[in-house]
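Structure file input.tsv; described as TSV, C-alpha atoms and all ligand atoms.
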```tsv
chain	number	residue	atom	x	y	z
R	9	MET	CA	119.82	162.75	149.65
R	10	LEU	CA	118.87	165.14	146.84
R	11	GLN	CA	115.88	167.44	146.89
R	12	CYS	CA	114.55	169.99	144.46
R	13	SER	CA	113.20	173.25	145.83
R	14	ILE	CA	111.90	176.46	144.30
R	15	HIS	CA	113.10	179.66	146.00
R	16	GLY	CA	111.32	182.06	143.65
R	17	ALA	CA	110.49	182.56	139.97
R	18	GLU	CA	113.01	180.63	137.79
R	19	ASP	CA	115.08	179.90	140.90
R	20	LEU	CA	115.12	176.13	141.28
R	21	ARG	CA	117.87	174.58	143.38
R	22	ILE	CA	119.03	171.01	143.86
R	23	GLU	CA	120.12	170.57	147.48
R	24	ASP	CA	121.90	167.75	149.27
R	25	VAL	CA	120.21	167.32	152.67
R	26	PRO	CA	120.22	164.65	155.41
R	27	CYS	CA	117.62	161.88	155.14
R	28	PRO	CA	114.84	162.31	157.78
R	29	GLN	CA	113.67	159.69	160.30
R	30	PRO	CA	109.98	158.73	160.52
R	31	GLY	CA	107.88	159.81	163.51
R	32	PRO	CA	105.65	157.18	165.24
R	33	ASP	CA	102.77	157.40	162.69
R	34	GLN	CA	104.86	158.16	159.63
R	35	ALA	CA	106.43	156.27	156.74
R	36	LEU	CA	109.75	157.17	155.14
R	37	VAL	CA	109.23	156.69	151.40
R	38	LYS	CA	111.90	156.45	148.72
R	39	MET	CA	110.41	158.32	145.78
R	40	GLY	CA	109.78	156.19	142.69
R	41	ALA	CA	108.32	158.59	140.17
R	42	ALA	CA	106.75	162.04	140.59
R	43	GLY	CA	104.84	163.76	137.82
R	44	ILE	CA	105.21	167.41	136.87
R	45	CYS	CA	101.82	169.12	136.98
R	46	GLY	CA	100.70	172.54	135.76
R	47	SER	CA	100.85	173.95	139.29
R	48	ASP	CA	104.53	172.89	139.67
R	49	MET	CA	105.25	174.63	136.37
R	50	HIS	CA	103.53	177.83	137.58
R	51	TYR	CA	105.58	177.86	140.81
R	52	PHE	CA	108.75	177.29	138.76
R	53	ARG	CA	108.11	180.05	136.22
R	54	HIS	CA	106.27	182.69	138.28
R	55	GLY	CA	106.96	181.76	141.91
R	56	GLN	CA	103.20	181.57	142.41
R	57	ILE	CA	99.94	180.15	141.11
R	58	GLY	CA	96.89	182.38	141.37
R	59	LYS	CA	97.11	183.96	144.83
R	60	PHE	CA	99.33	181.21	146.28
R	61	LYS	CA	102.80	182.78	146.40
R	62	ILE	CA	106.05	181.13	147.49
R	63	GLN	CA	107.06	182.65	150.85
R	64	GLU	CA	109.76	180.11	151.74
R	65	PRO	CA	111.56	177.50	149.60
R	66	LEU	CA	108.92	175.09	148.26
R	67	ILE	CA	109.55	171.47	147.28
R	68	PRO	CA	107.06	170.89	144.46
R	69	GLY	CA	105.40	167.61	143.47
R	70	HIS	CA	102.06	166.07	144.45
R	71	GLU	CA	101.81	163.14	142.02
R	72	ALA	CA	104.12	160.46	143.33
R	73	SER	CA	104.69	156.79	143.93
R	74	GLY	CA	107.48	155.20	145.92
R	75	VAL	CA	108.78	152.34	148.02
R	76	ILE	CA	108.55	152.17	151.84
R	77	ALA	CA	112.07	152.64	153.26
R	78	ALA	CA	111.28	152.75	157.00
R	79	LEU	CA	108.22	152.82	159.27
R	80	GLY	CA	107.38	154.57	162.54
R	81	ALA	CA	106.70	152.48	165.67
R	82	ASN	CA	102.86	152.80	165.52
R	83	VAL	CA	102.41	151.98	161.84
R	84	THR	CA	100.56	148.79	160.92
R	85	GLY	CA	99.45	147.44	157.52
R	86	LEU	CA	102.57	148.54	155.62
R	87	ASP	CA	105.89	146.78	155.10
R	88	GLU	CA	109.36	147.95	154.21
R	89	GLY	CA	110.07	147.41	150.51
R	90	GLN	CA	106.38	147.71	149.60
R	91	ARG	CA	105.35	149.86	146.63
R	92	VAL	CA	102.91	152.63	147.46
R	93	ALA	CA	100.93	155.37	145.77
R	94	ILE	CA	100.86	158.60	147.78
R	95	ASN	CA	97.58	160.41	148.31
R	96	PRO	CA	98.71	164.07	148.50
R	97	SER	CA	95.39	165.19	149.97
R	98	HIS	CA	95.12	165.61	153.73
R	99	PRO	CA	91.74	167.09	154.73
R	100	CYS	CA	91.04	167.96	158.38
R	101	GLY	CA	88.22	165.39	158.76
R	102	GLU	CA	86.31	167.64	161.15
R	103	CYS	CA	84.90	170.65	159.32
R	104	SER	CA	81.33	170.67	157.91
R	105	ARG	CA	82.43	169.85	154.35
R	106	CYS	CA	84.60	166.96	155.56
R	107	ARG	CA	81.73	165.58	157.64
R	108	GLU	CA	79.31	165.67	154.72
R	109	GLY	CA	81.77	163.59	152.64
R	110	ARG	CA	83.14	166.35	150.44
R	111	GLU	CA	86.68	166.28	151.82
R	112	ASN	CA	88.16	167.97	148.75
R	113	LEU	CA	86.30	171.13	149.81
R	114	CYS	CA	87.78	171.01	153.34
R	115	ASP	CA	88.14	174.42	155.01
R	116	SER	CA	91.70	173.61	156.12
R	117	MET	CA	93.06	171.32	153.42
R	118	PHE	CA	96.75	170.40	153.57
R	119	PHE	CA	97.72	169.41	150.02
R	120	LEU	CA	101.32	168.39	149.28
R	121	GLY	CA	103.54	170.57	147.11
R	122	SER	CA	101.43	173.67	147.64
R	123	ALA	CA	102.03	177.22	148.89
R	124	SER	CA	98.34	177.56	149.79
R	125	VAL	CA	99.30	177.28	153.48
R	126	PHE	CA	102.24	178.68	155.47
R	127	PRO	CA	104.53	177.00	156.40
R	128	HIS	CA	104.12	175.46	152.93
R	129	ALA	CA	103.02	171.87	152.37
R	130	GLN	CA	106.33	170.49	151.04
R	131	GLY	CA	106.00	168.14	148.09
R	132	MET	CA	107.71	165.01	146.78
R	133	PHE	CA	110.40	166.07	144.28
R	134	ARG	CA	113.03	164.56	146.58
R	135	GLU	CA	114.79	161.24	147.01
R	136	TYR	CA	113.12	160.42	150.34
R	137	PHE	CA	110.17	162.03	152.13
R	138	LEU	CA	108.12	161.53	155.28
R	139	ILE	CA	104.39	161.02	154.97
R	140	SER	CA	101.58	160.02	157.29
R	141	ALA	CA	101.16	156.24	156.91
R	142	LYS	CA	97.46	156.57	156.10
R	143	GLN	CA	98.34	158.53	152.93
R	144	CYS	CA	100.26	155.49	151.58
R	145	ILE	CA	98.21	153.04	149.47
R	146	PRO	CA	100.14	149.77	149.05
R	147	VAL	CA	100.11	147.89	145.73
R	148	SER	CA	101.52	144.69	144.24
R	149	LYS	CA	104.55	144.71	141.96
R	150	GLN	CA	102.63	144.29	138.69
R	151	VAL	CA	102.34	148.02	138.07
R	152	SER	CA	105.34	150.26	137.28
R	153	LEU	CA	106.13	153.14	139.64
R	154	GLU	CA	105.74	155.54	136.69
R	155	GLU	CA	102.18	154.38	135.98
R	156	LEU	CA	101.37	154.34	139.70
R	157	ALA	CA	102.38	158.00	139.94
R	158	LEU	CA	99.38	158.75	137.70
R	159	SER	CA	97.01	157.91	140.59
R	160	GLU	CA	96.54	161.58	141.47
R	161	PRO	CA	95.70	162.90	137.98
R	162	LEU	CA	93.49	159.84	137.39
R	163	SER	CA	91.65	160.70	140.62
R	164	VAL	CA	91.01	164.17	139.20
R	165	GLY	CA	89.48	162.56	136.08
R	166	LEU	CA	87.34	160.14	138.10
R	167	HIS	CA	86.08	162.95	140.32
R	168	ALA	CA	85.18	165.15	137.32
R	169	VAL	CA	83.14	162.29	135.86
R	170	ASN	CA	81.41	161.77	139.20
R	171	ARG	CA	80.48	165.45	139.21
R	172	ALA	CA	78.90	165.05	135.74
R	173	GLY	CA	76.56	162.25	136.85
R	174	ASN	CA	76.07	158.97	134.98
R	175	LEU	CA	77.68	159.09	131.51
R	176	CYS	CA	76.34	155.75	130.30
R	177	GLY	CA	75.28	156.11	126.65
R	178	LYS	CA	76.09	159.81	126.63
R	179	ARG	CA	77.92	161.89	124.02
R	180	VAL	CA	80.78	163.71	125.69
R	181	LEU	CA	82.97	166.64	124.69
R	182	ILE	CA	86.33	167.21	126.40
R	183	SER	CA	87.95	170.58	125.81
R	184	GLY	CA	91.71	170.31	126.40
R	185	SER	CA	93.75	167.20	125.65
R	186	GLY	CA	96.52	167.38	128.28
R	187	THR	CA	97.06	164.81	131.04
R	188	ILE	CA	93.85	165.74	132.87
R	189	GLY	CA	91.83	165.78	129.64
R	190	CYS	CA	93.09	162.26	128.90
R	191	MET	CA	92.26	161.16	132.45
R	192	VAL	CA	88.70	162.50	132.07
R	193	LEU	CA	88.55	160.60	128.77
R	194	LEU	CA	89.60	157.32	130.43
R	195	ALA	CA	87.15	157.86	133.30
R	196	ALA	CA	84.29	158.76	130.91
R	197	LYS	CA	84.87	155.60	128.85
R	198	LEU	CA	84.99	153.54	132.03
R	199	ASP	CA	81.65	155.06	133.01
R	200	GLY	CA	80.07	153.95	129.71
R	201	ALA	CA	80.18	157.15	127.65
R	202	GLU	CA	79.06	156.24	124.13
R	203	GLN	CA	81.20	158.70	122.23
R	204	VAL	CA	83.97	160.99	123.44
R	205	THR	CA	85.23	163.90	121.33
R	206	MET	CA	88.46	165.63	122.34
R	207	VAL	CA	89.31	169.17	121.29
R	208	ASP	CA	92.66	170.94	121.58
R	209	VAL	CA	94.61	173.71	119.88
R	210	LEU	CA	97.56	171.36	119.20
R	211	GLU	CA	97.61	168.17	117.14
R	212	GLU	CA	100.26	166.29	119.20
R	213	PRO	CA	98.21	165.90	122.43
R	214	LEU	CA	95.22	164.81	120.34
R	215	ALA	CA	97.35	162.00	118.83
R	216	ILE	CA	97.94	160.76	122.40
R	217	ALA	CA	94.21	161.07	123.17
R	218	ARG	CA	93.44	158.82	120.18
R	219	LYS	CA	95.88	156.23	121.55
R	220	VAL	CA	94.14	156.20	124.93
R	221	GLY	CA	90.66	155.87	123.40
R	222	ALA	CA	89.16	159.11	122.04
R	223	ASP	CA	86.50	158.35	119.40
R	224	GLN	CA	86.91	161.66	117.64
R	225	THR	CA	89.53	164.42	117.91
R	226	LEU	CA	89.49	167.93	116.54
R	227	CYS	CA	92.26	170.51	116.40
R	228	VAL	CA	90.77	174.01	116.70
R	229	LYS	CA	92.14	177.53	116.44
R	230	PRO	CA	92.25	179.39	119.76
R	231	SER	CA	89.25	181.68	119.29
R	232	ALA	CA	85.81	182.31	120.74
R	233	VAL	CA	83.98	180.86	117.75
R	234	PRO	CA	82.91	177.20	118.05
R	235	SER	CA	84.10	175.04	115.21
R	236	PRO	CA	81.37	174.41	112.59
R	237	GLU	CA	82.59	170.80	112.44
R	238	LEU	CA	81.07	170.19	115.86
R	239	THR	CA	77.36	169.88	116.38
R	240	ASN	CA	75.57	170.93	119.54
R	241	GLU	CA	74.48	167.41	120.37
R	242	PHE	CA	76.83	166.85	123.29
R	243	ASP	CA	75.10	165.76	126.49
R	244	VAL	CA	78.04	166.65	128.70
R	245	ALA	CA	81.09	168.87	128.18
R	246	PHE	CA	84.21	168.91	130.36
R	247	GLU	CA	86.19	172.15	130.16
R	248	VAL	CA	89.73	171.16	131.10
R	249	SER	CA	91.91	173.62	129.15
R	250	GLY	CA	91.26	176.64	131.37
R	251	ALA	CA	90.78	178.92	128.34
R	252	ALA	CA	87.86	181.32	128.68
R	253	SER	CA	86.95	180.96	124.98
R	254	ALA	CA	86.86	177.18	125.45
R	255	LEU	CA	84.23	177.52	128.18
R	256	GLY	CA	82.25	179.69	125.74
R	257	ASN	CA	82.52	176.90	123.16
R	258	CYS	CA	81.29	174.32	125.68
R	259	ILE	CA	78.24	176.48	126.44
R	260	GLU	CA	77.51	176.72	122.69
R	261	LEU	CA	78.12	173.07	121.87
R	262	VAL	CA	76.30	171.26	124.66
R	263	ARG	CA	72.65	170.38	123.93
R	264	ARG	CA	69.68	172.00	125.67
R	265	GLY	CA	69.41	170.68	129.19
R	266	GLY	CA	73.04	169.52	129.06
R	267	THR	CA	75.78	169.63	131.68
R	268	ILE	CA	79.14	171.39	131.75
R	269	VAL	CA	81.84	170.47	134.26
R	270	GLN	CA	84.58	173.08	134.77
R	271	VAL	CA	87.84	171.28	135.60
R	272	GLY	CA	90.47	173.70	134.28
R	273	THR	CA	91.62	176.85	136.10
R	274	LEU	CA	90.22	179.82	134.18
R	275	PRO	CA	91.86	183.29	134.04
R	276	VAL	CA	91.02	185.52	136.99
R	277	GLU	CA	89.77	188.37	134.81
R	278	GLY	CA	88.38	189.08	131.36
R	279	ILE	CA	85.93	186.20	131.01
R	280	HIS	CA	83.17	186.94	128.54
R	281	LEU	CA	80.41	184.32	128.59
R	282	PHE	CA	77.30	183.70	126.56
R	283	ALA	CA	75.63	183.80	129.94
R	284	ASN	CA	72.08	183.94	128.61
R	285	GLN	CA	72.62	180.54	127.01
R	286	ILE	CA	72.85	179.08	130.53
R	287	MET	CA	69.26	180.23	131.11
R	288	VAL	CA	67.86	179.58	127.62
R	289	LYS	CA	69.32	176.06	127.40
R	290	GLU	CA	68.80	175.29	131.11
R	291	LEU	CA	72.43	174.22	131.43
R	292	ASP	CA	73.87	172.70	134.58
R	293	ILE	CA	77.34	174.14	135.16
R	294	ARG	CA	79.34	172.41	137.89
R	295	GLY	CA	82.83	172.86	139.27
R	296	SER	CA	85.24	170.01	139.90
R	297	MET	CA	88.06	170.65	142.38
R	298	ARG	CA	90.95	168.17	142.70
R	299	PHE	CA	89.27	164.92	143.85
R	300	GLY	CA	87.08	163.43	146.54
R	301	ASN	CA	86.98	159.90	147.84
R	302	VAL	CA	88.24	158.18	144.66
R	303	PHE	CA	92.00	157.89	145.21
R	304	SER	CA	92.00	154.20	146.19
R	305	ARG	CA	89.85	153.38	143.17
R	306	ALA	CA	92.35	155.16	140.90
R	307	VAL	CA	95.19	153.15	142.45
R	308	ARG	CA	93.34	149.84	141.91
R	309	LEU	CA	92.51	150.69	138.28
R	310	LEU	CA	96.20	151.34	137.61
R	311	GLU	CA	97.38	148.36	139.63
R	312	ASN	CA	95.07	146.03	137.71
R	313	GLN	CA	96.10	147.59	134.38
R	314	ARG	CA	92.52	148.39	133.51
R	315	LEU	CA	93.47	151.55	131.61
R	316	ASN	CA	95.95	152.28	128.83
R	317	VAL	CA	97.91	155.13	130.41
R	318	LYS	CA	101.36	154.43	128.93
R	319	PRO	CA	101.01	156.84	125.95
R	320	ILE	CA	100.54	159.70	128.47
R	321	LEU	CA	104.04	159.21	129.95
R	322	THR	CA	106.38	161.19	127.69
R	323	GLY	CA	109.55	161.75	129.72
R	324	ARG	CA	111.53	160.87	132.87
R	325	PHE	CA	114.46	162.73	134.41
R	326	PRO	CA	116.58	162.26	137.56
R	327	ILE	CA	116.14	164.80	140.40
R	328	ALA	CA	119.42	166.52	139.44
R	329	GLU	CA	117.85	167.41	136.07
R	330	ALA	CA	114.56	168.73	137.48
R	331	ALA	CA	114.97	172.18	135.86
R	332	LYS	CA	115.46	170.57	132.45
R	333	ALA	CA	112.39	168.38	133.04
R	334	LEU	CA	110.26	171.40	133.98
R	335	GLN	CA	111.42	173.32	130.90
R	336	LEU	CA	110.54	170.37	128.68
R	337	ALA	CA	107.11	170.04	130.29
R	338	PHE	CA	106.19	173.50	128.95
R	339	ASP	CA	106.50	172.30	125.34
R	340	LYS	CA	103.15	170.62	124.71
R	341	THR	CA	104.20	169.56	121.21
R	342	VAL	CA	106.61	167.02	122.73
R	343	SER	CA	105.44	166.56	126.34
R	344	MET	CA	102.36	165.34	128.09
R	345	LYS	CA	103.35	163.93	131.48
R	346	VAL	CA	107.02	164.44	132.35
R	347	GLN	CA	108.17	162.73	135.55
R	348	ILE	CA	111.03	163.10	138.01
R	349	VAL	CA	112.51	159.76	139.10
R	350	ALA	CA	114.81	158.90	141.99
R	351	ASP	CA	116.75	156.09	140.25
H	1	ZN	ZN	98.48	167.49	139.47
H	2	ZN	ZN	87.88	169.60	156.72
```

Here is a file; write its structure as C-alpha cells.
Ligand SMILES: [Zn+2]
Ligand SMILES: [Zn+2]
Amino acid sequence: MLQCSIHGAEDLRIEDVPCPQPGPDQALVKMGAAGICGSDMHYFRHGQIGKFKIQEPLIPGHEASGVIAALGANVTGLDEGQRVAINPSHPCGECSRCREGRENLCDSMFFLGSASVFPHAQGMFREYFLISAKQCIPVSKQVSLEELALSEPLSVGLHAVNRAGNLCGKRVLISGSGTIGCMVLLAAKLDGAEQVTMVDVLEEPLAIARKVGADQTLCVKPSAVPSPELTNEFDVAFEVSGAASALGNCIELVRRGGTIVQVGTLPVEGIHLFANQIMVKELDIRGSMRFGNVFSRAVRLLENQRLNVKPILTGRFPIAEAAKALQLAFDKTVSMKVQIVAD
C-alpha cells in the first residue's frame, strides 16, 4: 500500500509499505478522502508548525473518511464495508480538563497527523491505516466520502460558534474566507445568525463563501486600517485568517459589549493591538481551539446533507500525487479544500 510521509522541509516521499493488521480494539480503514489542512502545508514547506518540529518521518492528514476493511476481535458496532468518518482527536479522558468536559484542552492530547508528541501521531495520507474503533463514526451511503472528510473542519466551525454563545438574530463578521471561515459561516447560519459578512484579501474565496451562504462579502487590502465600508455594528466577530491586522480590525468593527472569537493561528511575535478598545468597549475575547464534543453532530449534518459544502471542495488527487496536491493547496486563488483520495 502507498503512504505519503514528510521527512523534512520540502521532502515528501511516497512509500510502498505492507498493510498493517488491526489489534483487538482497532479498525483497519481504507482511506476514502483526506483533506489538506494548513498544518499539513506548514509541515510540508517548513518541516514544522509553530514549535512542533518533525523529528521522524510524519504521515500528515487529520481530516479523513474511509471504509472499514477489517476489524479487531473486540470491536462491536462496526461492520466491514461500512463508511466512516474518522475523529482525529484522542484526548486522555482522565485529566482535569477532560473531566470537566473540555476534552479539546486535554493535557495529553493525541491528535492525528501531528508532531506535537514524540513518537509523532501519524496521520491518514495513506491507503490503509489503523485506528481505535471508537474514533470511527459510521454513516449511511447517502453522503460522498469527499463530503464526509469535511467532518473535522466542520467540527472546528461548530465549536467556534459554541464558544461565541447564541448567535440567533445576531450580526456576524467572519475575517478570513478559507475552509474554516466557510465552516464558521455554515455553523453561524445554522445557529440562526441574522446576517453574516465575510472578509478576505482575495476575491476567489469570497465567491465560494457567497455560494455557501454569506449575506455580504468584502475584499479588503491587507492593512491595519478597517475598511470604511464596514460599520461597527457587528455583535460577534470570528477572526479566522490568523493575520494580526485582521484581529485589530475585528476589535474596531465589533460593537460595544461585543464578542470576538479567535480561531486562526496568529503570528508568534509583532502583534500590535488596540488593546484599550478591549477595556473601553468591554469586549469579550475568547479562544477557540480545534473542537470539543461536536464531531458526531458534524458527521450527522453532513450525512443528512443539511449543509451546502460542495463548493468548498476544489480538488482531488491520488496519494502518488500528494506533493502536487500540496503545492496546489497553497494557491488560494484556485484552491479551497484540496483532498487526497485512495481510489
Ligand atoms: Zn484541519
Ligand atoms: Zn485529558

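With only C-alpha atoms and all ligand atoms counted, the chains near ligand ZN 2 (chain H) contribute these residues within 6 Å: Pro99, Cys100, Gly101, Glu102, Cys103, Arg105, Cys106, Cys114, Asp115 and Ser116 of chain R.
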
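Of the listed residues R:Gly165, R:Val262, R:Glu241, R:Thr322, the one whose atoms come nearest to R:Gln285 is R:Val262, with distances taken using all atoms listed in the file.
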
Practice item. Within 9 Å of R:Met206, counting only C-alpha atoms, which residues show up once you throw out same-chain ones fewer than 4 positions away? Write them as a VMD selection string, please. Key: chain R and resid 180 to 185 189 to 190 193 214 217 to 218 222 to 227

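Separating atom CA of R:Arg264 from atom CA of R:Phe246 is a distance of 15.6 Å.
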
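With only C-alpha atoms and all ligand atoms counted, the chains near ligand ZN 1 (chain H) contribute these residues within 7 Å: Cys45, Gly46, Ser47, His70, Glu71, Glu160 and Pro161 of chain R.
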
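Between R:Leu315 and the candidates R:Leu162, R:Ile139, R:Cys258, R:Val248, the tightest atom-to-atom separation, counting all atoms listed in the file, involves R:Leu162.
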
**Study point:** Contacts of stretch 86-94 of chain R at 8 Å (all atoms listed in the file; same-chain gap of 6+ positions) as a VMD selection string
**Key:** chain R and resid 71 to 79 141 143 to 149 153 156 to 157 159 307

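Of the residues under consideration (R:Arg107, R:Lys229, R:Lys178, R:Lys332), R:Lys332 shows the shortest atom-to-atom contact distance to R:Glu18 when counting all atoms listed in the file.
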
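Taking atom CA of R:Phe299 and atom CA of R:Gly221 as endpoints, the distance between them is 22.4 Å.
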
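Atom CA of R:Asn301 is positioned 7.5 Å from atom CA of R:Glu111.
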
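Each of R:Arg308, R:Gly266, R:Gly186, R:Leu20 was checked against R:Glu211 using all atoms listed in the file; the smallest atom-to-atom distance is that of R:Gly186.
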
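Every protein, DNA or RNA residue with an atom at most 9 Å from R:Lys340, where all atoms listed in the file count and chain neighbours fewer than 5 positions away do not, is listed here: Gly186, Leu210, Glu212 and Pro213 of chain R.
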
I need the residues from that last selection saved to file as a compact mmCIF listing (two decimals), keeping the file's coordinate frame (with C-alpha atoms), if you can.
```txt
# COMPACT_ATOMS: atom_id res chain seq x y z
CA GLY R 186 96.52 167.38 128.28
CA LEU R 210 97.56 171.36 119.20
CA GLU R 212 100.26 166.29 119.20
CA PRO R 213 98.21 165.90 122.43
```

Point to revise | Pick from R:Ala35, R:Leu336, R:Leu261, R:Ala41 nearest to R:Ala350, counting only C-alpha atoms | key: R:Ala41

Can you report as lines of an AutoDock Vina configuration file the centre and edge lengths in Å, to one decimal, of an axis-aligned box around the listed atoms of stretch 57-66 of chain R padded with 8 Å on each side?
```
center_x = 104.2
center_y = 179.5
center_z = 146.4
size_x = 30.7
size_y = 24.9
size_z = 26.6
```

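Among R:Met9, R:Leu66, R:Val207, R:Ala251, the residue with the shortest atom-to-atom distance to R:Phe126, counting all atoms listed in the file, is R:Leu66.
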
Exercise for review: Might you pull out every residue within 9 Å of stretch 127-135 of chain R, with only C-alpha atoms counted and same-chain residues fewer than 3 positions away left off, and present them as a PyMOL selection string?
Suggested key: chain R and resi 9-13+27+37-43+62-72+96+118-124+327+330+348-351

Review point. Which polymer residues have any atom within 7 Å of an atom of R:Thr187, counting only C-alpha atoms, with same-chain residues fewer than 6 positions away left out, as a PyMOL selection string?
Key: chain R and resi 320+344-345

Starting from the incomplete input, reconstruct N, CA and C atoms of stretch 266-291 of chain R and report them as an mmCIF file, in the frame of the given file.
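Dumped everything to part.cif:
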```
data_model
loop_
_atom_site.group_PDB
_atom_site.id
_atom_site.type_symbol
_atom_site.label_atom_id
_atom_site.label_comp_id
_atom_site.auth_asym_id
_atom_site.auth_seq_id
_atom_site.Cartn_x
_atom_site.Cartn_y
_atom_site.Cartn_z
ATOM 1 N N GLY R 266 71.784 170.246 128.855
ATOM 2 C CA GLY R 266 73.040 169.520 129.060
ATOM 3 C C GLY R 266 73.809 169.996 130.293
ATOM 4 N N THR R 267 74.959 169.353 130.498
ATOM 5 C CA THR R 267 75.780 169.630 131.680
ATOM 6 C C THR R 267 77.191 170.010 131.264
ATOM 7 N N ILE R 268 77.743 171.002 131.959
ATOM 8 C CA ILE R 268 79.140 171.390 131.750
ATOM 9 C C ILE R 268 79.874 171.253 133.076
ATOM 10 N N VAL R 269 81.022 170.589 133.053
ATOM 11 C CA VAL R 269 81.840 170.470 134.260
ATOM 12 C C VAL R 269 83.124 171.271 134.030
ATOM 13 N N GLN R 270 83.374 172.258 134.880
ATOM 14 C CA GLN R 270 84.580 173.080 134.770
ATOM 15 C C GLN R 270 85.697 172.460 135.596
ATOM 16 N N VAL R 271 86.729 171.961 134.922
ATOM 17 C CA VAL R 271 87.840 171.280 135.600
ATOM 18 C C VAL R 271 89.101 172.151 135.554
ATOM 19 N N GLY R 272 89.282 172.876 134.442
ATOM 20 C CA GLY R 272 90.470 173.700 134.280
ATOM 21 C C GLY R 272 90.390 174.977 135.105
ATOM 22 N N THR R 273 91.563 175.571 135.385
ATOM 23 C CA THR R 273 91.620 176.850 136.100
ATOM 24 C C THR R 273 91.518 177.978 135.085
ATOM 25 N N LEU R 274 90.451 178.741 135.148
ATOM 26 C CA LEU R 274 90.220 179.820 134.180
ATOM 27 C C LEU R 274 90.981 181.085 134.596
ATOM 28 N N PRO R 275 91.211 182.020 133.660
ATOM 29 C CA PRO R 275 91.860 183.290 134.040
ATOM 30 C C PRO R 275 91.020 184.024 135.085
ATOM 31 N N VAL R 276 91.697 184.815 135.913
ATOM 32 C CA VAL R 276 91.020 185.520 136.990
ATOM 33 C C VAL R 276 90.098 186.616 136.440
ATOM 34 N N GLU R 277 90.547 187.248 135.359
ATOM 35 C CA GLU R 277 89.770 188.370 134.810
ATOM 36 C C GLU R 277 89.512 188.180 133.319
ATOM 37 N N GLY R 278 88.584 188.989 132.809
ATOM 38 C CA GLY R 278 88.380 189.080 131.360
ATOM 39 C C GLY R 278 87.581 187.946 130.767
ATOM 40 N N ILE R 279 86.730 187.283 131.567
ATOM 41 C CA ILE R 279 85.930 186.200 131.010
ATOM 42 C C ILE R 279 84.620 186.753 130.471
ATOM 43 N N HIS R 280 84.412 186.518 129.176
ATOM 44 C CA HIS R 280 83.170 186.940 128.540
ATOM 45 C C HIS R 280 82.389 185.664 128.212
ATOM 46 N N LEU R 281 81.200 185.540 128.789
ATOM 47 C CA LEU R 281 80.410 184.320 128.590
ATOM 48 C C LEU R 281 79.116 184.616 127.866
ATOM 49 N N PHE R 282 78.647 183.609 127.139
ATOM 50 C CA PHE R 282 77.300 183.700 126.560
ATOM 51 C C PHE R 282 76.341 183.321 127.684
ATOM 52 N N ALA R 283 76.291 184.192 128.702
ATOM 53 C CA ALA R 283 75.630 183.800 129.940
ATOM 54 C C ALA R 283 74.146 183.508 129.757
ATOM 55 N N ASN R 284 73.500 184.196 128.810
ATOM 56 C CA ASN R 284 72.080 183.940 128.610
ATOM 57 C C ASN R 284 71.804 182.519 128.133
ATOM 58 N N GLN R 285 72.789 181.914 127.474
ATOM 59 C CA GLN R 285 72.620 180.540 127.010
ATOM 60 C C GLN R 285 72.424 179.580 128.187
ATOM 61 N N ILE R 286 73.003 179.942 129.338
ATOM 62 C CA ILE R 286 72.850 179.080 130.530
ATOM 63 C C ILE R 286 71.361 179.019 130.891
ATOM 64 N N MET R 287 70.696 180.165 130.805
ATOM 65 C CA MET R 287 69.260 180.230 131.110
ATOM 66 C C MET R 287 68.444 179.594 129.991
ATOM 67 N N VAL R 288 68.691 180.036 128.750
ATOM 68 C CA VAL R 288 67.860 179.580 127.620
ATOM 69 C C VAL R 288 67.938 178.053 127.469
ATOM 70 N N LYS R 289 69.137 177.506 127.607
ATOM 71 C CA LYS R 289 69.320 176.060 127.400
ATOM 72 C C LYS R 289 69.172 175.254 128.698
ATOM 73 N N GLU R 290 68.877 175.938 129.792
ATOM 74 C CA GLU R 290 68.800 175.290 131.110
ATOM 75 C C GLU R 290 70.015 174.394 131.354
ATOM 76 N N LEU R 291 71.198 174.988 131.241
ATOM 77 C CA LEU R 291 72.430 174.220 131.430
ATOM 78 C C LEU R 291 72.729 174.052 132.914
#
```
